[in-house]
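> One structure, as structure tokens, below. Some questions next.
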There are 2 protein chains.
Amino acid sequence: MVTIYDIAKKVGCASSTVSKALNNSKEVSAKRKLEILAVAKEMGYVPNSSARNLATKNSWSIGVLFCEDLNIGLEHHFFGGVLQAFKTYVEYFGYEVTFVSKKVGAQALTYLEWCKYKNIDGVLILTVDVEDENLKELIESGIPIVTVDSGLINVPTVISDNYQGTRMALDYLMLTGADHIAHISGPLRSFAAVERLDAYKSILKKSNIEVKENLIVEANNYDFNSGKRALEQLISKNEKLPEAIYAASDDIALGVIIGLKENGYRVPEDVSVVGFDNIELARYTSPSLTTVAQNKVGIGTEAAKHLISIINKETSTDPEMIKRVPVELIVRESTK
Amino acid sequence: MVTIYDIAKKVGCASSTVSKALNNSKEVSAKRKLEILAVAKEMGYVPNSSARNLATKNSWSIGVLFCEDLNIGLEHHFFGGVLQAFKTYVEYFGYEVTFVSKKVGAQALTYLEWCKYKNIDGVLILTVDVEDENLKELIESGIPIVTVDSGLINVPTVISDNYQGTRMALDYLMLTGADHIAHISGPLRSFAAVERLDAYKSILKKSNIEVKENLIVEANNYDFNSGKRALEQLISKNEKLPEAIYAASDDIALGVIIGLKENGYRVPEDVSVVGFDNIELARYTSPSLTTVAQNKVGIGTEAAKHLISIINKETSTDPEMIKRVPVELIVRESTK
DNA sequence: TTGTAAGCGTTATCAC
DNA sequence: GTGATAACGCTTACAA
């Protein structure tokens, strides 16, 4: 391994001079700087992260936290997509991203301990077990944190604009003649699910439409199967299905559509269906799916931007902060 | 920040003794050890990663490399799933995982430089631009590397057993009476696509079935649209479609099925279709999809296991090594 | 402009 | 068993 001492020896100067040259300090003459840089390159010098971090007390690294215990994780396109955009943005600003771990060597650590151990600059919380005591400690520690759609309170949050999305979906359905609109919500332990349900209720009220509890069903999860089961419940709770169903996710919506078909309903002739997400497949199903498109890149980027601004103390950290990223209604065949 | 000096002062011993106690060395009396541990806990001591790494020249961290330039990345369920399993496994053994970056602060680095900078123990290459010069340098550096289905040669690879999977798919199709089987391959810049195509040819030959070039079409990509377009090509190349189509991915297969329907074919009555992956949706489409299931967790875990064994020098690093993870045929409705 | 030296928090080597 | 002390590679006052 080549160190600044090796370079100093070869150039015939002090190591501090080398350090200054390498850090582009103006306390070195241009000539010396050039000379040192040339030798550094020639010798294949690469700085040492640990030594630098130790001396500067600065890690330039951001932790990503997600619970693999939950059955929702990186393989979910939403979180994968958000993380990718997040990573791209923060790396552009010179940060590296590391997964927050619960151990170092053989020793178990809490999240907070691990962050201190690594001297992490900030944390992105992706998915999480809200009950986790460890998490509480981390949140209260004062380390810069941002979360995405995790259901955590008291943490700055970046999330799709669920109210806007719900309004666009319902407005469109009403426009196409639906007087009765059911809602299959996501699991209500999810923050997004609650927001979409609240929006549904509030928008109906504003349109002077009665909110009927028998038109609301909570899916156990965001997936296809839960959607299908929720539809069965909806059917059993109503003699006659409403003209439209607003589902809290595309997977749920697809489950609903299959369930409708199996029960002899035509989509959209008998029942219109709108989803939420705009998964890749939505345009290819039959009928293709009308849906509220989430902007994964936008969410990841906003989360990154906000986290960095907290780290740089450009933003006073307001734990109540919620940044809503605009969504878009994509009209396809599953609605009239 | 609490350091071992703070602990030493409070306990009334030397810092080296504290270090030994903390590292569970037997060069400390049991009594002292207990005392020191208690004080450490009381003071909220957390070790410092940089200092430790600097002193031990050991980072306990593994880099994950993937090109976000490609339109395939973390949001793809396959890579997301593999990474998640990989992470779980290596963390169990005390490693942390960090994304390989191309810069540190404002300075651009090559992959290899970054790995040296971080003193990384090993690298998992997920997706990659095979042409990348930077990559070549990394591969030739001797740093422990494992890759998953990336198409790289000269890097130990963990991949689904594409031959076995193809054989199971084709055997099943032949069993159900298909004499002619077309293949929509993945993009041939992908290693897996080549393997599946080769297996297709070789298995047909072994079954004394002629390999006809007009029954083979390369999809531009692994996605739905590419599948649909490939089907159009297949149709234009053949007066009469074969009884079965073996597709290199589920997304391709779904595109093929939609295309078949649009062209008036029934699945599976007129044409059987088999995919590869077993994406979550495969069981829910109509018809549900017969497919070769890839074991994402198995692949991630095997990659982790192998990388760690290279790091520990338990395995002599053989760049030609290919570990094939068993696949499984899931029979559903898209085949007779 | 350049050099000296202390310090970052650990570990590891050697005396005692 | 315990304690000095050097070393890891770098940054940064401060002195020259």
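Residue numbers start at 1 in each chain; chains themselves are named A, B, ... in the order of the structure tokens; ligands are numbered from 1 in the order shown.
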Set the cut-off to 12 Å and count only C-alpha atoms (C1' of nucleotides): what are the residues of chain B that reach chain C? Output as a list of chain:residue names.
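That gives the following set of residues: B:Met1, B:Val2, B:Thr3, B:Ile4, B:Tyr5, B:Asp6, B:Ser15, B:Ser16, B:Thr17, B:Val18, B:Ser19, B:Lys20, B:Leu22, B:Asn23, B:Ser25, B:Val46, B:Pro47, B:Asn48, B:Ser49, B:Ser50, B:Ala51, B:Arg52, B:Asn53, B:Leu54, B:Ala55, B:Thr56, B:Lys57, B:Asn58.
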> How close does chain A get to chain B? List, as a Markdown table, each residue of chain A within 6 Å, its nearest atom pair and the distance in Å to one decimal, counting only C-alpha atoms.

| residue | atom | partner | partner_atom | distance |
| --- | --- | --- | --- | --- |
| A:Val46 | CA | B:Tyr117 | CA | 6.0 |
| A:Pro47 | CA | B:Tyr117 | CA | 5.6 |
| A:Asn48 | CA | B:Tyr117 | CA | 4.9 |
| A:Ser49 | CA | B:Tyr117 | CA | 5.4 |
| A:Ser50 | CA | B:Ser50 | CA | 4.4 |
| A:Leu54 | CA | B:Ser50 | CA | 5.6 |
| A:Leu74 | CA | B:Gly80 | CA | 4.9 |
| A:Glu75 | CA | B:Gly80 | CA | 4.2 |
| A:His77 | CA | B:Glu75 | CA | 4.5 |
| A:Gly80 | CA | B:Glu75 | CA | 4.2 |
| A:Gly81 | CA | B:Glu75 | CA | 4.4 |
| A:Gly94 | CA | B:Gly105 | CA | 4.0 |
| A:Val97 | CA | B:Thr98 | CA | 5.8 |
| A:Thr98 | CA | B:Thr98 | CA | 4.1 |
| A:Phe99 | CA | B:Val97 | CA | 5.8 |
| A:Val104 | CA | B:Gly94 | CA | 5.1 |
| A:Gly105 | CA | B:Gly94 | CA | 4.0 |
| A:Ala106 | CA | B:Gly94 | CA | 5.9 |
| A:Tyr117 | CA | B:Asn48 | CA | 4.9 |
| A:Lys118 | CA | B:Ser49 | CA | 5.4 |
> Would you export the selected residues with N, CA and C atoms as a PDB file, in the first residue's frame, please?

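Below you can see selection_12.pdb, which holds the result:
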ATOM      1  N   VAL A  46      -3.681   5.486  -3.505  1.00  0.00           N
ATOM      2  CA  VAL A  46      -5.105   5.608  -3.202  1.00  0.00           C
ATOM      3  C   VAL A  46      -5.221   5.947  -1.725  1.00  0.00           C
ATOM      4  N   PRO A  47      -5.982   6.962  -1.389  1.00  0.00           N
ATOM      5  CA  PRO A  47      -6.090   7.326   0.028  1.00  0.00           C
ATOM      6  C   PRO A  47      -6.748   6.207   0.837  1.00  0.00           C
ATOM      7  N   ASN A  48      -6.642   6.314   2.130  1.00  0.00           N
ATOM      8  CA  ASN A  48      -7.222   5.307   3.006  1.00  0.00           C
ATOM      9  C   ASN A  48      -8.400   5.893   3.773  1.00  0.00           C
ATOM     10  N   SER A  49      -9.530   5.299   3.518  1.00  0.00           N
ATOM     11  CA  SER A  49     -10.774   5.798   4.081  1.00  0.00           C
ATOM     12  C   SER A  49     -10.752   5.853   5.610  1.00  0.00           C
ATOM     13  N   SER A  50     -10.286   4.792   6.222  1.00  0.00           N
ATOM     14  CA  SER A  50     -10.308   4.744   7.688  1.00  0.00           C
ATOM     15  C   SER A  50      -9.443   5.835   8.285  1.00  0.00           C
ATOM     16  N   LEU A  54     -10.882   8.852  10.423  1.00  0.00           N
ATOM     17  CA  LEU A  54     -10.442   8.979  11.807  1.00  0.00           C
ATOM     18  C   LEU A  54      -9.927  10.393  12.077  1.00  0.00           C
ATOM     19  N   LEU A  74     -36.377  -5.581  -0.487  1.00  0.00           N
ATOM     20  CA  LEU A  74     -35.732  -5.083  -1.691  1.00  0.00           C
ATOM     21  C   LEU A  74     -36.324  -5.652  -2.958  1.00  0.00           C
ATOM     22  N   GLU A  75     -36.890  -6.858  -2.886  1.00  0.00           N
ATOM     23  CA  GLU A  75     -37.395  -7.436  -4.136  1.00  0.00           C
ATOM     24  C   GLU A  75     -38.680  -6.750  -4.566  1.00  0.00           C
ATOM     25  N   HIS A  77     -40.501  -3.915  -6.158  1.00  0.00           N
ATOM     26  CA  HIS A  77     -40.029  -2.946  -7.144  1.00  0.00           C
ATOM     27  C   HIS A  77     -40.068  -1.521  -6.610  1.00  0.00           C
ATOM     28  N   GLY A  80     -37.016  -1.085  -4.245  1.00  0.00           N
ATOM     29  CA  GLY A  80     -35.824  -1.210  -5.076  1.00  0.00           C
ATOM     30  C   GLY A  80     -35.622   0.033  -5.925  1.00  0.00           C
ATOM     31  N   GLY A  81     -36.698   0.483  -6.551  1.00  0.00           N
ATOM     32  CA  GLY A  81     -36.608   1.649  -7.421  1.00  0.00           C
ATOM     33  C   GLY A  81     -36.259   2.911  -6.654  1.00  0.00           C
ATOM     34  N   GLY A  94     -21.100  12.672  -3.348  1.00  0.00           N
ATOM     35  CA  GLY A  94     -19.916  12.159  -2.680  1.00  0.00           C
ATOM     36  C   GLY A  94     -20.176  11.250  -1.491  1.00  0.00           C
ATOM     37  N   VAL A  97     -23.308   4.604   0.177  1.00  0.00           N
ATOM     38  CA  VAL A  97     -24.433   4.066   0.942  1.00  0.00           C
ATOM     39  C   VAL A  97     -24.178   2.642   1.400  1.00  0.00           C
ATOM     40  N   THR A  98     -24.483   2.429   2.668  1.00  0.00           N
ATOM     41  CA  THR A  98     -24.224   1.162   3.344  1.00  0.00           C
ATOM     42  C   THR A  98     -25.508   0.698   4.019  1.00  0.00           C
ATOM     43  N   PHE A  99     -25.729  -0.585   4.015  1.00  0.00           N
ATOM     44  CA  PHE A  99     -26.892  -1.093   4.738  1.00  0.00           C
ATOM     45  C   PHE A  99     -26.621  -1.079   6.232  1.00  0.00           C
ATOM     46  N   VAL A 104     -21.557  -6.321  14.367  1.00  0.00           N
ATOM     47  CA  VAL A 104     -20.245  -6.060  13.815  1.00  0.00           C
ATOM     48  C   VAL A 104     -19.367  -7.180  14.336  1.00  0.00           C
ATOM     49  N   GLY A 105     -18.776  -7.926  13.415  1.00  0.00           N
ATOM     50  CA  GLY A 105     -18.093  -9.150  13.808  1.00  0.00           C
ATOM     51  C   GLY A 105     -19.110 -10.043  14.491  1.00  0.00           C
ATOM     52  N   ALA A 106     -18.805 -10.528  15.649  1.00  0.00           N
ATOM     53  CA  ALA A 106     -19.714 -11.441  16.325  1.00  0.00           C
ATOM     54  C   ALA A 106     -20.644 -10.705  17.281  1.00  0.00           C
ATOM     55  N   TYR A 117     -20.942   3.558  15.559  1.00  0.00           N
ATOM     56  CA  TYR A 117     -19.745   2.777  15.241  1.00  0.00           C
ATOM     57  C   TYR A 117     -19.172   3.211  13.890  1.00  0.00           C
ATOM     58  N   LYS A 118     -20.090   3.394  12.925  1.00  0.00           N
ATOM     59  CA  LYS A 118     -19.655   3.776  11.584  1.00  0.00           C
ATOM     60  C   LYS A 118     -19.583   5.285  11.413  1.00  0.00           C
TER      61      LYS A 118
END
> Up to 7 Å from chain B, what residues of chain D turn up? Count only C-alpha atoms (C1' of nucleotides) and give them as a PyMOL selection string.
chain D and resi 1-3+8
> Using only C-alpha atoms, which of A:Phe276, A:Tyr172, A:Tyr200, A:Tyr246 sits nearest Tyr222 of chain A?
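Among A:Phe276, A:Tyr172, A:Tyr200, A:Tyr246, it is A:Phe276 that comes nearest to Tyr222 of chain A.
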> Just list as a list in words whatever in segment 239-284 of chain B DSSP marks as strand (DSSP E or B).
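The strand (DSSP E or B) residues within segment 239-284 of chain B come out as Ala244, Ile245, Tyr246, Ala247, Ser272, Val273, Val274, Gly275, Phe276 and Asp277 of chain B.
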> Using only N, CA and C atoms, please write the residues we just selected to a file, as a CSV table (one decimal), in the first residue's frame.

chain,number,residue,atom,x,y,z
B,244,ALA,N,-45.8,-25.4,-29.1
B,244,ALA,CA,-45.3,-24.9,-27.8
B,244,ALA,C,-44.3,-23.8,-28.0
B,245,ILE,N,-44.2,-22.9,-27.1
B,245,ILE,CA,-43.1,-21.9,-27.1
B,245,ILE,C,-42.5,-21.9,-25.7
B,246,TYR,N,-41.2,-22.0,-25.7
B,246,TYR,CA,-40.4,-21.9,-24.5
B,246,TYR,C,-39.8,-20.5,-24.4
B,247,ALA,N,-40.1,-19.7,-23.4
B,247,ALA,CA,-39.6,-18.4,-23.4
B,247,ALA,C,-38.6,-18.2,-22.3
B,272,SER,N,-48.9,-24.0,-26.3
B,272,SER,CA,-48.5,-24.0,-24.9
B,272,SER,C,-47.4,-23.0,-24.7
B,273,VAL,N,-47.3,-22.4,-23.5
B,273,VAL,CA,-46.2,-21.5,-23.3
B,273,VAL,C,-45.6,-21.8,-21.9
B,274,VAL,N,-44.3,-21.8,-21.9
B,274,VAL,CA,-43.6,-21.9,-20.6
B,274,VAL,C,-42.6,-20.8,-20.4
B,275,GLY,N,-42.6,-20.2,-19.2
B,275,GLY,CA,-41.7,-19.1,-18.9
B,275,GLY,C,-40.5,-19.5,-18.0
B,276,PHE,N,-39.8,-18.5,-17.5
B,276,PHE,CA,-38.6,-18.8,-16.7
B,276,PHE,C,-38.5,-17.7,-15.7
B,277,ASP,N,-38.6,-18.0,-14.4
B,277,ASP,CA,-38.4,-17.1,-13.3
B,277,ASP,C,-39.3,-17.4,-12.1
> When DSSP is applied to the backbone of this structure, which of segment 117-291 of chain A are assigned alpha helix (DSSP H)? Write them out as a PyMOL selection string.
chain A and resi 117-118+133-140+162-175+191-206+224-237+250-262
> Quick one: distance from atom CA of Glu195 of chain B to atom CA of Glu269 of chain B in Å, one decimal?
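Spanning atom CA of Glu195 of chain B to atom CA of Glu269 of chain B is a straight-line distance of 28.9 Å.
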> Quick one, how far is atom CA of Val11 of chain A from atom CA of Ala30 of chain A?
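Pair atom CA of Val11 of chain A / atom CA of Ala30 of chain A returns 14.4 Å.
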